[in-house]
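**Student:** Have a look at this one.
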Amino acid sequence: MALSGSPPGNRLGPYELGERLGNGGMAEVYVGRRAGPHGFQKRFAIKRILPQLALDSRFLEMFCDEARICAALSHPNIVQVVDFGEHDGELFMAMEYVEGVSLARLLRAVAARGQRFPLGAALTIASEVLRGLRFAHEARDERGRPLNIVHRDVSPGNILIGRAGEVKLTDFGIVLSAFVDRRTYPGELKGKMGYMSPEQVIGEELDARSDLFTVGIVLAEMLLARPLFPGRNELDMLTRMYEADLRVLDRYGGDLPAPLTAILHTALARDRERRFQTARDFGDAVRGVAGDLGMTLNEAQLAPWLDGLSILPS
């Protein structure tokens, strides 16, 4: 299946491609516009496989896996896939367009200002991501059979924050599930550097608790405004993740409320039996601490702060 690098202005099916929003190891995402009668027009995020991978059957199968999984996940905290098609031999996925920023960009902007996330903002984002993960982890097929979904890539680049403060998890491109065939070879490392669980680092069998560990990383980095597992090189970072080395948290998190520090240590336990066992448990703990601190976690914790940062698209 040949894939050409379509510049902005080209079409995929009924969608006109605009500016590129970003690209990863397997695919790239463009703004897509679909026009209709009487001036109707709507924006989507159009995902397509990178040109250099277009003839690799494994990547094509993974792309189809992602589309099938996302089609089964309809939840406010998960980016929705609304269309999946083929145009001139090229597969594409149309997803809801989230007008806002990625958490990765938000982290960079806050760190560049020498600031940290407000507690309410960090806890709201974590709580909403956990709502989306809870839905994915508990999802069943039409016969009621568990899909056993593990995202495997919960990282700031895959968490989107909308203009109104909505939080959405995206990119199920390396998902594990009973719903799809296994695409990982023995010894193959899949995940994002800095955002993997200890068991993920060494290629062990994963379950939902691996995703909860990475949510713990994301929450800690919002609260500290610095990487939780820094390193001189990839091996150093992998070692720190495998050992669940929390020296950064202990060094820079001394001013965090003690109950919140306890939540992070539980989420980031090296032994998965000592972690939160479900996204529901983790989310309840986050919302419980917020309640004890007198906070209500909702979009109101995010939208005014985002506006003040002046990083939202105009």
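In the structure tokens, chains take the letters A, B, ... in the order shown, each chain's residues start at 1, and ligands count up from 1 in the order shown.
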Would you kindly return, as a compact mmCIF listing (two decimals) with C-alpha atoms, in the first residue's frame, each protein, DNA or RNA residue with an atom no farther than 9 Å from any atom of A:Ser127, considering only C-alpha atoms and excluding same-chain residues fewer than 4 positions away?
**Tutor:**
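Listing of result-v6.txt after writing:
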# COMPACT_ATOMS: atom_id res chain seq x y z
CA ALA A 122 -2.79 18.79 38.28
CA LEU A 123 -5.33 16.75 40.24
CA ARG A 131 -11.75 8.24 34.30
CA GLY A 132 -10.84 7.53 30.69
CA PHE A 282 -6.47 5.63 42.01
CA GLY A 283 -9.11 8.14 40.91
CA ASP A 284 -11.00 7.85 44.19
CA VAL A 286 -7.02 11.62 43.98
CA ARG A 287 -10.52 13.02 44.42
CA LEU A 297 -12.08 18.90 40.53
**Student:** Step one, run DSSP on the backbone; step two, keep only residues of stretch 74-302 of chain A assigned to alpha helix (DSSP H); then write them as a PyMOL selection string.
**Tutor:** chain A and resi 103-112+119-138+198-201+208-224+234-242+247-252+258-267+279-292
**Student:** Could you save the residues just selected, with C-alpha atoms, as a PDB file, in the first residue's frame?
**Tutor:**
ATOM      1  CA  LEU A 103      -0.016  18.152  28.258  1.00  0.00           C
ATOM      2  CA  ALA A 104       3.563  17.843  26.946  1.00  0.00           C
ATOM      3  CA  ARG A 105       3.433  21.397  25.636  1.00  0.00           C
ATOM      4  CA  LEU A 106       1.767  22.563  28.819  1.00  0.00           C
ATOM      5  CA  LEU A 107       4.527  21.008  30.935  1.00  0.00           C
ATOM      6  CA  ARG A 108       7.201  22.718  28.849  1.00  0.00           C
ATOM      7  CA  ALA A 109       5.468  26.075  29.113  1.00  0.00           C
ATOM      8  CA  VAL A 110       5.074  25.853  32.885  1.00  0.00           C
ATOM      9  CA  ALA A 111       8.654  24.659  33.418  1.00  0.00           C
ATOM     10  CA  ALA A 112       9.996  27.463  31.193  1.00  0.00           C
ATOM     11  CA  LEU A 119      -2.662  21.565  42.752  1.00  0.00           C
ATOM     12  CA  GLY A 120      -6.237  21.787  41.501  1.00  0.00           C
ATOM     13  CA  ALA A 121      -5.157  21.753  37.857  1.00  0.00           C
ATOM     14  CA  ALA A 122      -2.788  18.789  38.282  1.00  0.00           C
ATOM     15  CA  LEU A 123      -5.327  16.753  40.239  1.00  0.00           C
ATOM     16  CA  THR A 124      -8.102  17.541  37.756  1.00  0.00           C
ATOM     17  CA  ILE A 125      -6.013  16.365  34.812  1.00  0.00           C
ATOM     18  CA  ALA A 126      -4.986  13.162  36.619  1.00  0.00           C
ATOM     19  CA  SER A 127      -8.561  12.484  37.727  1.00  0.00           C
ATOM     20  CA  GLU A 128      -9.940  12.890  34.193  1.00  0.00           C
ATOM     21  CA  VAL A 129      -7.235  10.700  32.633  1.00  0.00           C
ATOM     22  CA  LEU A 130      -8.055   8.026  35.204  1.00  0.00           C
ATOM     23  CA  ARG A 131     -11.751   8.241  34.297  1.00  0.00           C
ATOM     24  CA  GLY A 132     -10.844   7.530  30.688  1.00  0.00           C
ATOM     25  CA  LEU A 133      -8.516   4.684  31.659  1.00  0.00           C
ATOM     26  CA  ARG A 134     -11.111   3.179  33.964  1.00  0.00           C
ATOM     27  CA  PHE A 135     -13.532   3.020  31.052  1.00  0.00           C
ATOM     28  CA  ALA A 136     -10.903   1.492  28.752  1.00  0.00           C
ATOM     29  CA  HIS A 137      -9.677  -1.017  31.339  1.00  0.00           C
ATOM     30  CA  GLU A 138     -13.230  -2.166  32.135  1.00  0.00           C
ATOM     31  CA  PRO A 198       9.218  -1.279  35.719  1.00  0.00           C
ATOM     32  CA  GLU A 199       7.632  -4.360  34.185  1.00  0.00           C
ATOM     33  CA  GLN A 200       7.294  -2.596  30.829  1.00  0.00           C
ATOM     34  CA  VAL A 201      11.008  -1.765  30.818  1.00  0.00           C
ATOM     35  CA  ALA A 208      -3.795  -2.264  33.702  1.00  0.00           C
ATOM     36  CA  ARG A 209      -1.517  -1.491  36.657  1.00  0.00           C
ATOM     37  CA  SER A 210       1.236  -0.567  34.201  1.00  0.00           C
ATOM     38  CA  ASP A 211      -0.924   2.317  32.923  1.00  0.00           C
ATOM     39  CA  LEU A 212      -1.544   3.422  36.511  1.00  0.00           C
ATOM     40  CA  PHE A 213       2.209   3.643  37.126  1.00  0.00           C
ATOM     41  CA  THR A 214       2.586   5.954  34.143  1.00  0.00           C
ATOM     42  CA  VAL A 215      -0.297   8.126  35.335  1.00  0.00           C
ATOM     43  CA  GLY A 216       1.694   8.423  38.556  1.00  0.00           C
ATOM     44  CA  ILE A 217       4.685   9.655  36.547  1.00  0.00           C
ATOM     45  CA  VAL A 218       2.537  12.244  34.764  1.00  0.00           C
ATOM     46  CA  LEU A 219       0.987  13.481  38.017  1.00  0.00           C
ATOM     47  CA  ALA A 220       4.381  13.754  39.717  1.00  0.00           C
ATOM     48  CA  GLU A 221       5.813  15.729  36.802  1.00  0.00           C
ATOM     49  CA  MET A 222       2.910  18.182  36.855  1.00  0.00           C
ATOM     50  CA  LEU A 223       3.461  18.740  40.580  1.00  0.00           C
ATOM     51  CA  LEU A 224       7.251  19.034  40.298  1.00  0.00           C
ATOM     52  CA  GLU A 234      18.495   6.024  27.720  1.00  0.00           C
ATOM     53  CA  LEU A 235      20.075   3.223  29.745  1.00  0.00           C
ATOM     54  CA  ASP A 236      20.256   5.467  32.795  1.00  0.00           C
ATOM     55  CA  MET A 237      16.592   6.438  32.382  1.00  0.00           C
ATOM     56  CA  LEU A 238      15.506   2.826  31.864  1.00  0.00           C
ATOM     57  CA  THR A 239      17.385   1.809  35.007  1.00  0.00           C
ATOM     58  CA  ARG A 240      15.683   4.531  37.051  1.00  0.00           C
ATOM     59  CA  MET A 241      12.264   3.472  35.772  1.00  0.00           C
ATOM     60  CA  TYR A 242      12.958  -0.206  36.404  1.00  0.00           C
ATOM     61  CA  ARG A 247      14.800  10.415  44.460  1.00  0.00           C
ATOM     62  CA  VAL A 248      13.515  13.319  42.340  1.00  0.00           C
ATOM     63  CA  LEU A 249      10.131  13.165  44.064  1.00  0.00           C
ATOM     64  CA  ASP A 250      11.723  12.940  47.505  1.00  0.00           C
ATOM     65  CA  ARG A 251      14.114  15.810  46.757  1.00  0.00           C
ATOM     66  CA  TYR A 252      11.729  18.289  45.154  1.00  0.00           C
ATOM     67  CA  ALA A 258       1.623  14.498  52.835  1.00  0.00           C
ATOM     68  CA  PRO A 259      -1.527  12.632  51.656  1.00  0.00           C
ATOM     69  CA  LEU A 260      -0.688  13.552  48.045  1.00  0.00           C
ATOM     70  CA  THR A 261       2.894  12.322  48.451  1.00  0.00           C
ATOM     71  CA  ALA A 262       1.494   9.054  49.817  1.00  0.00           C
ATOM     72  CA  ILE A 263      -0.707   8.678  46.723  1.00  0.00           C
ATOM     73  CA  LEU A 264       2.319   9.156  44.459  1.00  0.00           C
ATOM     74  CA  HIS A 265       4.377   6.592  46.348  1.00  0.00           C
ATOM     75  CA  THR A 266       1.539   4.091  46.041  1.00  0.00           C
ATOM     76  CA  ALA A 267       1.013   4.730  42.334  1.00  0.00           C
ATOM     77  CA  ALA A 279      -8.041   3.192  37.868  1.00  0.00           C
ATOM     78  CA  ARG A 280     -11.162   3.503  40.014  1.00  0.00           C
ATOM     79  CA  ASP A 281      -9.081   3.141  43.206  1.00  0.00           C
ATOM     80  CA  PHE A 282      -6.468   5.626  42.012  1.00  0.00           C
ATOM     81  CA  GLY A 283      -9.113   8.142  40.914  1.00  0.00           C
ATOM     82  CA  ASP A 284     -11.001   7.846  44.194  1.00  0.00           C
ATOM     83  CA  ALA A 285      -7.775   8.539  46.097  1.00  0.00           C
ATOM     84  CA  VAL A 286      -7.023  11.623  43.980  1.00  0.00           C
ATOM     85  CA  ARG A 287     -10.519  13.016  44.424  1.00  0.00           C
ATOM     86  CA  GLY A 288     -10.425  12.183  48.139  1.00  0.00           C
ATOM     87  CA  VAL A 289      -7.248  14.208  48.669  1.00  0.00           C
ATOM     88  CA  ALA A 290      -8.711  17.070  46.639  1.00  0.00           C
ATOM     89  CA  GLY A 291     -11.807  17.038  48.845  1.00  0.00           C
ATOM     90  CA  ASP A 292      -9.667  17.106  51.983  1.00  0.00           C
TER      91      ASP A 292
END
**Student:** Hey, which of A:Ala244, A:Ala303, A:Ala27, A:Leu293 ends up closest to A:Arg272? Count only C-alpha atoms.
**Tutor:**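 Smallest separation from A:Arg272 among the options: A:Ala244.
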**Student:** Output as a ChimeraX atom specification all residues of stretch 28-266 of chain A that backbone DSSP marks as strand (DSSP E).
**Tutor:** /A:28-35,41-49,81-87,90-96,100-102,159-162,167-169
**Student:** Give me, as a list of chain:residue names, all polymer residues having an atom no more than 10 Å from A:Leu91, counting only C-alpha atoms and skipping those fewer than 3 positions away in the same chain.
**Tutor:**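 My list of contacting residues is A:Met1, A:Ala2, A:Leu3, A:Leu12, A:Gly13, A:Lys47, A:Arg48, A:Ile49, A:Ala54, A:Leu60, A:Phe63, A:Cys64, A:Phe84, A:Gly85, A:Glu86, A:His87, A:Asp88.
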**Student:** With N, CA and C atoms kept, could you save the residues just selected as an mmCIF file, in the first residue's frame?
**Tutor:**
data_model
loop_
_atom_site.group_PDB
_atom_site.id
_atom_site.type_symbol
_atom_site.label_atom_id
_atom_site.label_comp_id
_atom_site.auth_asym_id
_atom_site.auth_seq_id
_atom_site.Cartn_x
_atom_site.Cartn_y
_atom_site.Cartn_z
ATOM 1 N N MET A 1 0.851 -1.190 0.000
ATOM 2 C CA MET A 1 0.000 0.000 0.000
ATOM 3 C C MET A 1 0.887 1.240 0.000
ATOM 4 N N ALA A 2 1.029 1.894 -1.104
ATOM 5 C CA ALA A 2 1.922 3.047 -1.188
ATOM 6 C C ALA A 2 1.335 4.227 -0.440
ATOM 7 N N LEU A 3 2.248 5.011 0.131
ATOM 8 C CA LEU A 3 1.819 6.184 0.887
ATOM 9 C C LEU A 3 2.710 7.344 0.509
ATOM 10 N N LEU A 12 -7.862 13.268 1.733
ATOM 11 C CA LEU A 12 -7.985 11.851 2.070
ATOM 12 C C LEU A 12 -9.476 11.586 2.196
ATOM 13 N N GLY A 13 -10.030 10.852 1.256
ATOM 14 C CA GLY A 13 -11.471 10.648 1.261
ATOM 15 C C GLY A 13 -12.179 11.978 1.195
ATOM 16 N N LYS A 47 -5.515 11.059 11.020
ATOM 17 C CA LYS A 47 -4.295 10.312 11.312
ATOM 18 C C LYS A 47 -3.985 9.372 10.160
ATOM 19 N N ARG A 48 -2.728 9.335 9.775
ATOM 20 C CA ARG A 48 -2.305 8.483 8.668
ATOM 21 C C ARG A 48 -0.940 7.885 9.009
ATOM 22 N N ILE A 49 -0.636 6.719 8.462
ATOM 23 C CA ILE A 49 0.649 6.073 8.692
ATOM 24 C C ILE A 49 1.754 6.852 8.005
ATOM 25 N N ALA A 54 4.525 2.626 5.197
ATOM 26 C CA ALA A 54 3.271 2.277 4.521
ATOM 27 C C ALA A 54 3.241 0.853 3.986
ATOM 28 N N LEU A 60 0.589 -1.584 9.488
ATOM 29 C CA LEU A 60 -0.770 -1.495 8.976
ATOM 30 C C LEU A 60 -1.752 -2.219 9.897
ATOM 31 N N PHE A 63 -2.302 -0.163 13.011
ATOM 32 C CA PHE A 63 -3.156 0.975 12.720
ATOM 33 C C PHE A 63 -4.626 0.544 12.702
ATOM 34 N N CYS A 64 -4.885 -0.591 12.088
ATOM 35 C CA CYS A 64 -6.254 -1.129 12.071
ATOM 36 C C CYS A 64 -6.693 -1.532 13.479
ATOM 37 N N PHE A 84 -13.119 5.695 9.647
ATOM 38 C CA PHE A 84 -11.925 4.944 9.257
ATOM 39 C C PHE A 84 -12.117 4.556 7.809
ATOM 40 N N GLY A 85 -11.156 4.928 6.968
ATOM 41 C CA GLY A 85 -11.365 4.687 5.553
ATOM 42 C C GLY A 85 -10.074 4.465 4.802
ATOM 43 N N GLU A 86 -10.226 4.322 3.509
ATOM 44 C CA GLU A 86 -9.097 4.097 2.618
ATOM 45 C C GLU A 86 -9.286 4.961 1.387
ATOM 46 N N HIS A 87 -8.220 5.629 0.987
ATOM 47 C CA HIS A 87 -8.279 6.530 -0.164
ATOM 48 C C HIS A 87 -7.058 6.275 -1.038
ATOM 49 N N ASP A 88 -7.286 5.814 -2.256
ATOM 50 C CA ASP A 88 -6.190 5.493 -3.178
ATOM 51 C C ASP A 88 -5.177 4.556 -2.524
#
**Student:** For A:Asp141, find every residue with an atom within 9 Å (counting only C-alpha atoms), except residues of its own chain fewer than 3 positions away, and show them as JSON, numbers by chain.
**Tutor:** {"A": [72, 144, 145, 146, 147, 179]}
**Student:** Could you work out how far atom CA of A:Val98 lies from atom CA of A:Cys70, giving the answer in Å with one decimal?
**Tutor:**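 These atoms are spaced 15.8 Å apart.
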**Student:** When distances are computed from only C-alpha atoms, which of A:Arg34, A:Arg232, A:Lys192, A:Arg140 shows the smallest separation from A:Leu73?
**Tutor:**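 That would be A:Arg140, the residue with the smallest distance to A:Leu73.
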**Student:** Do you have the atom CA of A:Tyr195-atom CA of A:Phe229 distance handy?
**Tutor:**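 Here the two named atoms are 8.4 Å from each other.
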